[in-house]
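To start, the structure itself, in structure tokens.
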Amino acid sequence: MPDLVPALPEIFLAVMSMALLMAGVFQKEENAGRSVSYLAIATLVVTIAIVGVVADGRASTFGGAFVTDGFAVYVKVLILIATAAAVLMSREYLERHGIFRFEFPVLMVLAALGMLMMVSANDLISLYLGIELQSLSLYVIASFQRDTTRSAEAGLKYFVLGALSSGLLLYGISLVYGFSGSTNFDALAQLFQAGQSPLGVTVGIVFIIAGLAFKVSAVPFHMWTPDVYEGAPTPVTAFFAVAPKIAAMALFVRVMVGAFGDLGDQWQQVIIFISIASMVLGAFAAINQTNIKRLMAYSSIGHMGYALIGLAVAGGAGNAEARADGVSGILIYLAIYMFMNIGAFACILQMRRNGRMVEGIGDLAGLSKSNPAMAVVLATFMFSMAGIPPLAGFFGKLYIFLAAIEAELFALAIIGVLASVVGAFYYLRIVKVMYFDAPEEGFDGPVSMEMKAVLVVTGVVTLFFFVWPLPILAGAGLATAALLPG
Amino acid sequence: MYLAAVFLPLLGGIVAGLLSFVPDGGDKDRKHRIDRAGQLVTVAGMLLAAVAALITFIGVAGGGNTDNVEIFTWIASGSLELSWELRADTLAAVMVLMVTVVSSMIHIYSIGYMSHDGSIPRFQSYLSLFSFFMLMLVTSNNLVQLFFGWEGVGLMSYLLIGFWYDRPSANAAAIKAFVVNRVGDFGFALGIFATFMLFDTINFDTIFGLAEQKKDATLNVFSGEFHALTVICLLLFVGAMGKSAQIGLHTWLPDAMEGPTPVSALIHAATMVTAGVFMVARLSPLFEYSDVALTVVTVVGGTTAIFAATIGCVQNDIKRVIAYSTCSQLGYMFFALGVSAYSAGIFHLITHAFFKALLFLGSGSVIHAMSDEQDMRKMGGLYKLIPVTYVMMWVGSLALAGIWPFAGFFSKDIVLEAAWGAHTVVGQYAFWVGILAAFLTAFYSWRLLLMTFHGEPRADEVTMAHVHESPKVMLIPLAVLAIGAVFAGWLGFDWFVGEKTVEFWGNSIFVLESHRALENAHHSPLWVKFLPLVVGILGIALAYLMYMFAPGLPHALASGFQRTHRFLLNKWYFDELYDRIFVKPCFKLGRGFWKAGDGQLIDGVGPDGVAATVLSLARRAGALQSGFLYHYAFAMLLGVAALVSWFLVTGG
Amino acid sequence: MIIQSLAFYLFSIVAVASAVMVISARNPVHSVLFLILAFFNSAGLFVLLGAEFLAMILVVVYVGAVAVLFMFVVMMLDINFTALREGFLQYLPLGGLIGLVLLLELAVILGGWIIAPGAAERAAAPTPAIDSVNNTEALGQLIYTNYIYFFQAAGMVLLVAMIGAIVLTHRSRPGVRKQKISEQVAREDSIEMRDMPSGGGI
């Protein structure tokens with residue numbers, strides 16, 4: 001009998017997802033969606049509590065396939081918060097579009113389960129299963145608005161390309177397994193302690209990187225992102241932009257640092273390449289976008305590029321302090337990224353005119369006059385994403401760039417700064433449109449209570465991170481210490 | 001209690017600030033209710049804070065309850081560790097008490113004074129926030145929190161001076177105050193950096209503990225070795241000069257009179273301008289080890305005292321006279337600090353807070369009565385019409401001139417005696433200059449009184465017909481402050497500078513054994529003790545002579561000494577000088593950079609060129625996104641193939 | 001020994017060849033039939049490895065159920081595969097090139113054949129000795145004990161697949177009359193009692 005306690009959050013979530021399914025089936029159709037969605041939020045919140053209660057140093061179970069440690073706890077909390085926020089934000093949209101079926105929150109919960117499994121994966125197989133569980137749920141909710149072509153197309157594209165990426169990933173896993181004889185991270189780490197590996201393993205790692213890069217939508221595996229973000233229903237896009245990115249990035253870190261940490265000088269170059277490519281493409285391609293969801297897609301590609309700088313730093317052999325700073329830089333970045341993006345999407349979800357959603361950047365024109373409060377909030381998020389001090393986004397970038405400089409990856413830091421300057425252009429353009437363009441008709445009111453709550457919380461965190469940054473910094477520090485002992 | 005004293009004003013300020021956003025929908029009653037709510041919440045906040053401050057003060061100064069209140073950790077980065085923390089010692093408690101009491105009087109007064117204004121909640125909110133920042137400043141336990149409060153009061157003073165933002169002159173004055181303060185703040189910030197460099201911390205307790213060890217340390221500035229503590233103290237003193245309007249950086253203070261009168265009272269009496277004095281006193285353990293810095297402080301203080309007093313004698317705007325008087329009194333406080341008589345400086349600060357607030361609010365009452373007329377040449381003969389204000393102004397002026405038994409007598413005397421008691425050259429300089437300034441102070445105070453209240457009414461009949469005594473809500477604060485102006489001196493004397501001074505201050509002020517100015521002051525010769533009083537009475541007599549008995553004399557003097565008169569009237573030409581040296585060349589340089597440098601060179605090659613490149617790149621990047629699944633899949637496979645090939649070619 | 005080798009090559013060649021035919025046959029029904037052939041040969045390979053249980057499962061589940069289901073789907077949907085393949089051919093040159101490059105590179109890697117020391121032993125470690133337990137028991141032990149986590153996780157993935165299939169395709173059509181036996185039996189308005197005049201008829 002394996003020790004089930006470390007996996008308690010996942011077990012709870014799995015059981016609850018089935019219970020929610022039952023709860024949905026045996027209810028009247030018209031209010032099943034709403035009640036299941038509130039139950040799902042409650043479930044996610046309880047799971048956060050369980051994650052916190054179970055957290056107690058490092059514990060692994062299921063024959064070493066599953067591990068929970070400070071790193072997992074930190075990321076899981078972020079994922080669960082993001083998922084709960086996404087469920088909360090989706091209610092209004094789905095109700096308005098008449099597609100509020102109870103399967104939606106259930107699938108979100110299942111996706112969250114997949115993400116938790118990813119974060120706790122300590123074996124290439126559990127990694128793959130976690131990814132598949134997550135991805136499959138995401139494919140379905142991407143095409144949840146199945147009667148519109150765009151949504152169906154988004155789901156299909158995501159599915160086909162996701163399958164391809166899974167293929168690459170599996171191929172890489174099989175290469176690694178074939179050439180090393182193990183899929184367990186601890187065993188792999190021990191095997192490659194000396195920093196030497198067969199060529200087959202190295203190529204396998206490249207394939208694994210390709211598969212994971214797809215999940216964090218890093219260039220050149222990013223092509224699905226803009227189309228899927230645009231096509232999927234907006235609350236789904238909000239979810240896509242946050243939780244799966246956090247989970248995939250954490251998994252990326254766990255695999256590369258946990259299993260292949262001592263092979264850093266082999267994969268560091270690849271990460272540097274995709275990081276630079278993502279930052280540059282994210283900055284440039286977003287400029288011409290007119291659809292705000294596409295813009296957010298490129299924005300998230302760019303953000304993932306910045307986070308990958310941290311991973312590149314963590315791959316640098318030798319300088320242990322810099323490696324730790326790189327990892328904690330990523331973790332801080334992800335937390336800040338989560339708050340900024342949830343907030344920004346909460347604003348985008350308010351872009352409703354005469355009962356219909358609008359997505360053009362031009363539709364924001366003159367928002368400062370028609371809805372000044374929302375303009376201020378959205379501007380805050382945009383400034384933060386552009387990395388303007390003293391907002392939270394600035395500190396996220398700061399820690400990452402500092403780590404890069406500490407690791408003497410100057411080129412990466414310089415390109416990062418330049419890309420964020422270019423990127424600032426399109427964030428500020430939104431602010432400009434809101435404040436200086438001739439006003440359009442205002443958006444439909446009123447803002448619902450739950451949206452207000454989301455906006456206030458994310459806004460306060462973004463605005464006042466600098467006043468009391470310790471909770472996030474300390475959490476990231478503990479998480480890093482768990483991943484990189486000593 | 002301590003927390004309440006500091007944070008209640010913040011709470012009141014925030015609530016009132018939010019109230020100012022509540023739409024009134026054009027409804028007069030509704031607007032009135034909103035205004036009332038704003039006044040109520042801020043006044044209540046301040047009054048409660050004052051009560052809390054009193055309890056804290058008794059606890060700290062009487063019971064020696066000096067436990068700092070830590071709120072939470074603010075920054076922990078490398079060896080830089082800071083907390084939001086309230087320092088509990090006598091110096092802080094005295095300042096908190098003074099700020100809250102004076103500020104709450106001004107809050108109450110504002111209810112009457114601003115009753116016709118359109119944005120009352122905003123005004124009250126600014127006042128409360130201003131007080132909060134000042135409290136934050138005086139209670140800080142490290143230099144950065146001090147800087148936070150410092151900048152906070154700078155910001156709020158900008159907002160308050162420019163409160164009537166539809167007046168161009170108010171905007172200009174607000175900007176001037178802000179910019180001039182920036183100059184000082186620059187020095188202050190450099191001082192903080194230097195402190196951190198030397199001590200590797202900026203927490204007061206640690207710095208003060210280490211100061212003696214570091215007294216001979218040197219600091220490398222521009223490749224020269226300098227005495228470290230002198231460098232630090234001088235840099236910090238630059239900041240103090242800016243905030244406390246010492247000569248050179250004083251130009252913003254008279255212009256700041258553009259703000260509503262309660263603001264003038266708040267800025268010039270209790271809070272912002274005293275920040276510099278407080279800071280030097282707070283950092284006494286550092287200044288004590290730098291004789292150079294102390295000398296500079298003394299000279300600057302003494303010079304400011306006489307310089308401002310001379311200008312005060314010829315100004316015609318009632319508020320400007322008092323503003324220059326403030327400047328001059330701050331000079332007194334600084335030279336007291338400079339001769340190591342910190343407690344005397346703070347004592348004068350406290351008494352000055354009462355009588356200067358009284359004078360400002362009194363003059364506000366006059367202005368209110370005269371339908372916003374500020375020029376004294378157009379006043380006169382008011383004493384029968386507004387008798388209460390008249391009495392109040394008398395009390396304030398007596399205190400300011402240092403006539404026994406009013407507050408100013410005790411504090412000014414001890415300051416001057418301490419300057420004498422320093423037994424140094426600069427001490428002597430400060431003493432004699434201070435005596436002269438005391439004479440001038442008495443003179444211009446009575447000049448103000450006589451021109452305003454006596455003689456023939458010089459205003460037009462419409463104004464005179466309107467003259468009325470201010471409402472009670474304005475007079476009660478005056479009365480409270482007047483009590484302070486009368487009794488604060490002899491009540492506080494023993495504690496602040498007299499026999500009980502050591503136990504009163506505890507370890508909040510540090511004086512080296514060898515600096516015995518304050519002790520010598522108590523044993524100074526009789527003529528030193530009486531000279532200030534004598535010159536004060538002489539000054540009053542001269543004023544009576546010139547403005548009561550021989551009204552032609554001032555005019556004759558002005559035309560007889562035309563150059564001197566103009567020199568003084570134009571404030572020693574400081575503004576013109578700065579305009580010529582700094583402002584105009586800056587404008588010219590800026591224009592040059594803007595037109596030629598930025599417009600043609602940088603924009604041409606830089607932004608415009610870069611922008612064009614970026615846009616074309618952006619178009620290309622966008623074109624990659626074709627929408628076809630095939631292309632996407634290909635891109636992925638190409639990516640993998642490229643990465644693998646790269647590996648194999650470079651050898652992994 | 002030689003027979004075993006011969007059998008191995010026979011099964012492998014046929015399996016690979018039929019796999020190629022699956023993707024190149026013009027008629028989709030033929031594709032599915034070739035797929036079934038490939039399954040059979042794979043089963044043969046399993047038997048050679050001594051994994052007779054897996055071989056049987058492959059035949060029963062994949063041939064017996066999955067492939068037949070494919071067949072039904074292909075026949076019912078009548079997809080025009082040639083039309084789909086047009087786009088495919090258009091990208092063949094580039095795609096072929098990438099494929100070729102990758103293939104060559106993999107050949108280099110496999111040709112080098114440097115394996116981490118002890119890889120084979122590690123890979124074999126979880127498997128119980130073949131003479132101590134039988135096939136089914138060994139599989140059972142691995143799947144339901146050692147790898148229970150993977151098994152359950154895979155189960156969750158399948159659950160999601162099921163939910164997804166229902167969510168994306170199921171529609172409740174208002175016009176459709178469903179059979180609700182209890183209601184139908186309990187209906188009362190369907191029976192009408194009438195007094196008939198005797199001898200009058202309806």
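Here, A, B, ... name the chains of the structure tokens in the order displayed, residue numbers run from 1 inside each chain, and ligands are numbered from 1 in the same displayed order.
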
**Asked** Got a sec to pull out which chain A residues are within 7 Å of chain B, counting only C-alpha atoms, and send them as a PyMOL selection string?
**Response** chain A and resi 157+161+203+206-207+210+220-221+223-224+266+281+284-285+287-288+467-468

Per residue of chain A within 6 Å of chain C, note the shortest atom pair and the distance in Å to one decimal, counting only C-alpha atoms, and order the rows by chain and increasing residue number, as CSV.
```
residue,atom,partner,partner_atom,distance
A:Leu133,CA,C:Val157,CA,4.9
A:Val140,CA,C:Gly164,CA,5.5
A:Phe179,CA,C:Ile115,CA,4.8
A:Ser180,CA,C:Ala119,CA,4.9
A:Gly181,CA,C:Ala119,CA,4.0
A:Pro198,CA,C:Ile114,CA,5.7
A:Gly200,CA,C:Ile109,CA,5.7
```

Selected residues written out, N, CA and C atoms, as a CSV table (one decimal), in the first residue's frame:
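Written file, again.csv:
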```csv
chain,number,residue,atom,x,y,z
A,133,LEU,N,-3.7,14.7,-19.2
A,133,LEU,CA,-4.9,15.0,-18.4
A,133,LEU,C,-5.3,16.5,-18.5
A,140,VAL,N,-11.0,20.4,-24.8
A,140,VAL,CA,-12.5,20.4,-24.8
A,140,VAL,C,-13.0,21.7,-24.4
A,179,PHE,N,18.1,5.0,-23.6
A,179,PHE,CA,19.6,5.2,-23.4
A,179,PHE,C,20.0,5.2,-22.0
A,180,SER,N,19.1,5.4,-21.1
A,180,SER,CA,19.5,5.4,-19.7
A,180,SER,C,18.9,4.3,-18.8
A,181,GLY,N,17.7,3.8,-19.3
A,181,GLY,CA,17.1,2.7,-18.6
A,181,GLY,C,16.3,3.1,-17.4
A,198,PRO,N,24.9,9.9,-22.6
A,198,PRO,CA,25.0,9.4,-24.0
A,198,PRO,C,24.3,10.4,-24.9
A,200,GLY,N,22.2,9.9,-27.2
A,200,GLY,CA,20.8,9.7,-27.3
A,200,GLY,C,20.0,10.4,-26.2
```

**Q.** range 110-162 of chain C: residues DSSP assigns to alpha helix (DSSP H), reported as a VMD selection string
**A.** chain C and resid 110 to 112 119 to 124 135 to 141 148 to 162

Please write the residues from the selection above to a file, keeping C-alpha atoms, as an mmCIF file, in the first residue's frame.
```cif
data_model
loop_
_atom_site.group_PDB
_atom_site.id
_atom_site.type_symbol
_atom_site.label_atom_id
_atom_site.label_comp_id
_atom_site.auth_asym_id
_atom_site.auth_seq_id
_atom_site.Cartn_x
_atom_site.Cartn_y
_atom_site.Cartn_z
ATOM 1 C CA LEU C 110 21.564 4.986 -32.776
ATOM 2 C CA GLY C 111 24.662 4.127 -34.780
ATOM 3 C CA GLY C 112 26.821 5.457 -31.995
ATOM 4 C CA ALA C 119 20.647 0.787 -18.595
ATOM 5 C CA ALA C 120 19.416 -2.639 -19.566
ATOM 6 C CA GLU C 121 19.467 -3.913 -15.996
ATOM 7 C CA ARG C 122 17.636 -0.885 -14.750
ATOM 8 C CA ALA C 123 15.008 -1.239 -17.439
ATOM 9 C CA ALA C 124 14.488 -4.871 -16.536
ATOM 10 C CA ASN C 135 2.510 -13.535 -17.530
ATOM 11 C CA THR C 136 -0.843 -12.367 -16.282
ATOM 12 C CA GLU C 137 0.228 -12.250 -12.697
ATOM 13 C CA ALA C 138 3.350 -10.288 -13.551
ATOM 14 C CA LEU C 139 1.327 -7.755 -15.503
ATOM 15 C CA GLY C 140 -1.188 -7.527 -12.737
ATOM 16 C CA GLN C 141 1.478 -6.897 -10.171
ATOM 17 C CA ILE C 148 -1.113 2.047 -9.704
ATOM 18 C CA TYR C 149 -0.603 5.777 -9.933
ATOM 19 C CA PHE C 150 -0.079 5.696 -13.678
ATOM 20 C CA PHE C 151 -3.024 3.368 -14.053
ATOM 21 C CA GLN C 152 -5.325 5.660 -12.144
ATOM 22 C CA ALA C 153 -4.014 8.723 -13.930
ATOM 23 C CA ALA C 154 -4.660 7.069 -17.263
ATOM 24 C CA GLY C 155 -8.138 6.322 -16.013
ATOM 25 C CA MET C 156 -8.689 10.026 -15.317
ATOM 26 C CA VAL C 157 -7.472 10.854 -18.827
ATOM 27 C CA LEU C 158 -10.026 8.447 -20.258
ATOM 28 C CA LEU C 159 -12.723 9.974 -18.077
ATOM 29 C CA VAL C 160 -11.916 13.382 -19.495
ATOM 30 C CA ALA C 161 -12.013 11.960 -22.995
ATOM 31 C CA MET C 162 -15.436 10.586 -22.302
#
```

Applying 9 Å and only C-alpha atoms, which residues near Phe504 in chain B remain after dropping the ones on its own chain fewer than 2 positions away? List them as a tab-separated table (two decimals) with N, CA and C atoms, in the first residue's frame.
```tsv
chain	number	residue	atom	x	y	z
B	61	ALA	N	7.35	60.24	27.90
B	61	ALA	CA	8.19	61.22	28.59
B	61	ALA	C	8.12	61.03	30.09
B	62	GLY	N	6.94	60.65	30.59
B	62	GLY	CA	6.80	60.51	32.02
B	62	GLY	C	7.23	59.12	32.49
B	64	GLY	N	8.72	56.78	30.75
B	64	GLY	CA	9.88	56.18	30.10
B	64	GLY	C	9.53	54.93	29.33
B	90	THR	N	11.25	60.47	23.58
B	90	THR	CA	10.66	61.76	23.92
B	90	THR	C	10.61	62.69	22.72
B	495	TRP	N	11.27	71.28	31.86
B	495	TRP	CA	11.39	69.95	31.25
B	495	TRP	C	12.33	69.98	30.04
B	496	PHE	N	12.09	70.94	29.20
B	496	PHE	CA	12.81	70.93	27.93
B	496	PHE	C	14.28	71.29	28.11
B	500	LYS	N	15.09	69.53	34.67
B	500	LYS	CA	14.70	68.14	34.45
B	500	LYS	C	15.05	67.67	33.04
B	501	THR	N	15.85	68.45	32.37
B	501	THR	CA	16.05	68.17	30.95
B	501	THR	C	16.61	66.78	30.69
B	502	VAL	N	17.53	66.30	31.56
B	502	VAL	CA	18.18	65.02	31.28
B	502	VAL	C	17.17	63.88	31.34
B	506	GLY	N	15.70	61.70	28.04
B	506	GLY	CA	16.21	60.34	28.01
B	506	GLY	C	17.40	60.27	27.07
```

Between CA of Arg87 in chain B and CA of Leu135 in chain B lies a distance of 10.9 Å

Open item on the list: Report as a list in words all protein, DNA and RNA residues lying within 8 Å of Leu137 in chain B, evaluated on only C-alpha atoms, omitting residues in the same chain fewer than 4 positions from it.
Closed with: Phe133, Gln145, Leu146, Phe147, Phe148, Gly149, Trp150 and Ala275 of chain B

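The chain C residues that come within 8 Å of chain B are C:Gly95, C:Ile98, C:Val101, C:Leu102, C:Glu105, with only C-alpha atoms taken into account.
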
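In this structure, CA of Ala481 in chain A sits 29.4 Å away from CA of Asn203 in chain B.
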
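Neighbours of Gly63 in chain A closer than or equal to 12 Å, with only C-alpha atoms counted and sequence neighbours fewer than 4 positions away skipped, come out as Met1, Pro2, Asp3, Leu4, Ala59, Val67, Ala121, Asn122, Asp123, Ser126, Thr183, Asn184, Phe185, Asp186 and Ala187 of chain A; Pro126, Leu142, Thr145, Asn146, Tyr147, Ile148, Tyr149 and Phe150 of chain C.
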
Next, the residues of the selection above should be written as a JSON list (two decimals), in the first residue's frame with N, CA and C atoms.
```json
[["chain", "number", "residue", "atom", "x", "y", "z"],
["A", 1, "MET", "N", 0.86, -1.21, 0.00],
["A", 1, "MET", "CA", 0.00, 0.00, 0.00],
["A", 1, "MET", "C", 0.88, 1.24, 0.00],
["A", 2, "PRO", "N", 0.82, 2.01, -1.06],
["A", 2, "PRO", "CA", 1.64, 3.24, -1.09],
["A", 2, "PRO", "C", 1.09, 4.28, -0.11],
["A", 3, "ASP", "N", 1.96, 5.17, 0.30],
["A", 3, "ASP", "CA", 1.56, 6.25, 1.21],
["A", 3, "ASP", "C", 0.72, 7.26, 0.43],
["A", 4, "LEU", "N", -0.52, 7.43, 0.84],
["A", 4, "LEU", "CA", -1.41, 8.29, 0.07],
["A", 4, "LEU", "C", -1.39, 9.74, 0.53],
["A", 59, "ALA", "N", 8.30, 14.69, 0.35],
["A", 59, "ALA", "CA", 7.79, 13.34, 0.52],
["A", 59, "ALA", "C", 7.48, 12.77, -0.84],
["A", 67, "VAL", "N", 6.00, 13.22, -6.18],
["A", 67, "VAL", "CA", 6.74, 13.85, -5.11],
["A", 67, "VAL", "C", 6.05, 15.15, -4.72],
["A", 121, "ALA", "N", 5.06, 15.70, -10.58],
["A", 121, "ALA", "CA", 5.64, 14.57, -11.31],
["A", 121, "ALA", "C", 7.11, 14.41, -10.95],
["A", 122, "ASN", "N", 7.48, 13.16, -10.69],
["A", 122, "ASN", "CA", 8.88, 12.88, -10.44],
["A", 122, "ASN", "C", 9.33, 11.73, -11.33],
["A", 123, "ASP", "N", 8.59, 11.56, -12.42],
["A", 123, "ASP", "CA", 8.87, 10.46, -13.31],
["A", 123, "ASP", "C", 8.39, 10.91, -14.68],
["A", 126, "SER", "N", 4.72, 9.96, -15.24],
["A", 126, "SER", "CA", 3.70, 10.76, -14.56],
["A", 126, "SER", "C", 3.65, 12.17, -15.14],
["A", 183, "THR", "N", 13.13, 6.17, -15.97],
["A", 183, "THR", "CA", 12.32, 7.36, -16.21],
["A", 183, "THR", "C", 12.18, 8.19, -14.94],
["A", 184, "ASN", "N", 12.73, 7.68, -13.87],
["A", 184, "ASN", "CA", 12.57, 8.39, -12.59],
["A", 184, "ASN", "C", 13.56, 9.54, -12.49],
["A", 185, "PHE", "N", 13.06, 10.71, -12.07],
["A", 185, "PHE", "CA", 13.93, 11.89, -12.05],
["A", 185, "PHE", "C", 15.13, 11.70, -11.13],
["A", 186, "ASP", "N", 14.87, 11.12, -9.94],
["A", 186, "ASP", "CA", 15.98, 10.96, -9.00],
["A", 186, "ASP", "C", 17.04, 10.05, -9.59],
["A", 187, "ALA", "N", 16.56, 8.95, -10.19],
["A", 187, "ALA", "CA", 17.51, 8.01, -10.77],
["A", 187, "ALA", "C", 18.29, 8.67, -11.90],
["C", 126, "PRO", "N", 12.05, -3.75, -12.78],
["C", 126, "PRO", "CA", 10.72, -3.94, -12.20],
["C", 126, "PRO", "C", 10.05, -5.25, -12.60],
["C", 142, "LEU", "N", 2.50, -5.44, -11.78],
["C", 142, "LEU", "CA", 3.06, -4.16, -12.22],
["C", 142, "LEU", "C", 1.99, -3.09, -12.30],
["C", 145, "THR", "N", -0.10, -2.69, -8.79],
["C", 145, "THR", "CA", 0.63, -2.42, -7.55],
["C", 145, "THR", "C", 1.73, -1.39, -7.77],
["C", 146, "ASN", "N", 2.70, -1.74, -8.60],
["C", 146, "ASN", "CA", 3.82, -0.81, -8.77],
["C", 146, "ASN", "C", 3.37, 0.48, -9.44],
["C", 147, "TYR", "N", 2.60, 0.31, -10.49],
["C", 147, "TYR", "CA", 2.27, 1.48, -11.31],
["C", 147, "TYR", "C", 0.82, 1.89, -11.15],
["C", 148, "ILE", "N", 0.30, 1.72, -9.96],
["C", 148, "ILE", "CA", -1.11, 2.05, -9.70],
["C", 148, "ILE", "C", -1.40, 3.51, -10.01],
["C", 149, "TYR", "N", -0.40, 4.33, -9.71],
["C", 149, "TYR", "CA", -0.60, 5.78, -9.93],
["C", 149, "TYR", "C", -0.81, 6.07, -11.41],
["C", 150, "PHE", "N", 0.06, 5.47, -12.24],
["C", 150, "PHE", "CA", -0.08, 5.70, -13.68],
["C", 150, "PHE", "C", -1.42, 5.15, -14.18]]
```

Residue neighbourhood Leu473 in chain A, 9 Å, only C-alpha atoms, exclusion window fewer than 5 positions, as a ChimeraX atom specification:
/A:328,331-332,478

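Residue nearest Gly498 in chain B, chosen from B:Thr424, B:Thr650, B:Thr295, B:Ser343 and counting only C-alpha atoms: B:Ser343.
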
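Going from CA of Val25 in chain A to CA of Val109 in chain A covers 16.1 Å.
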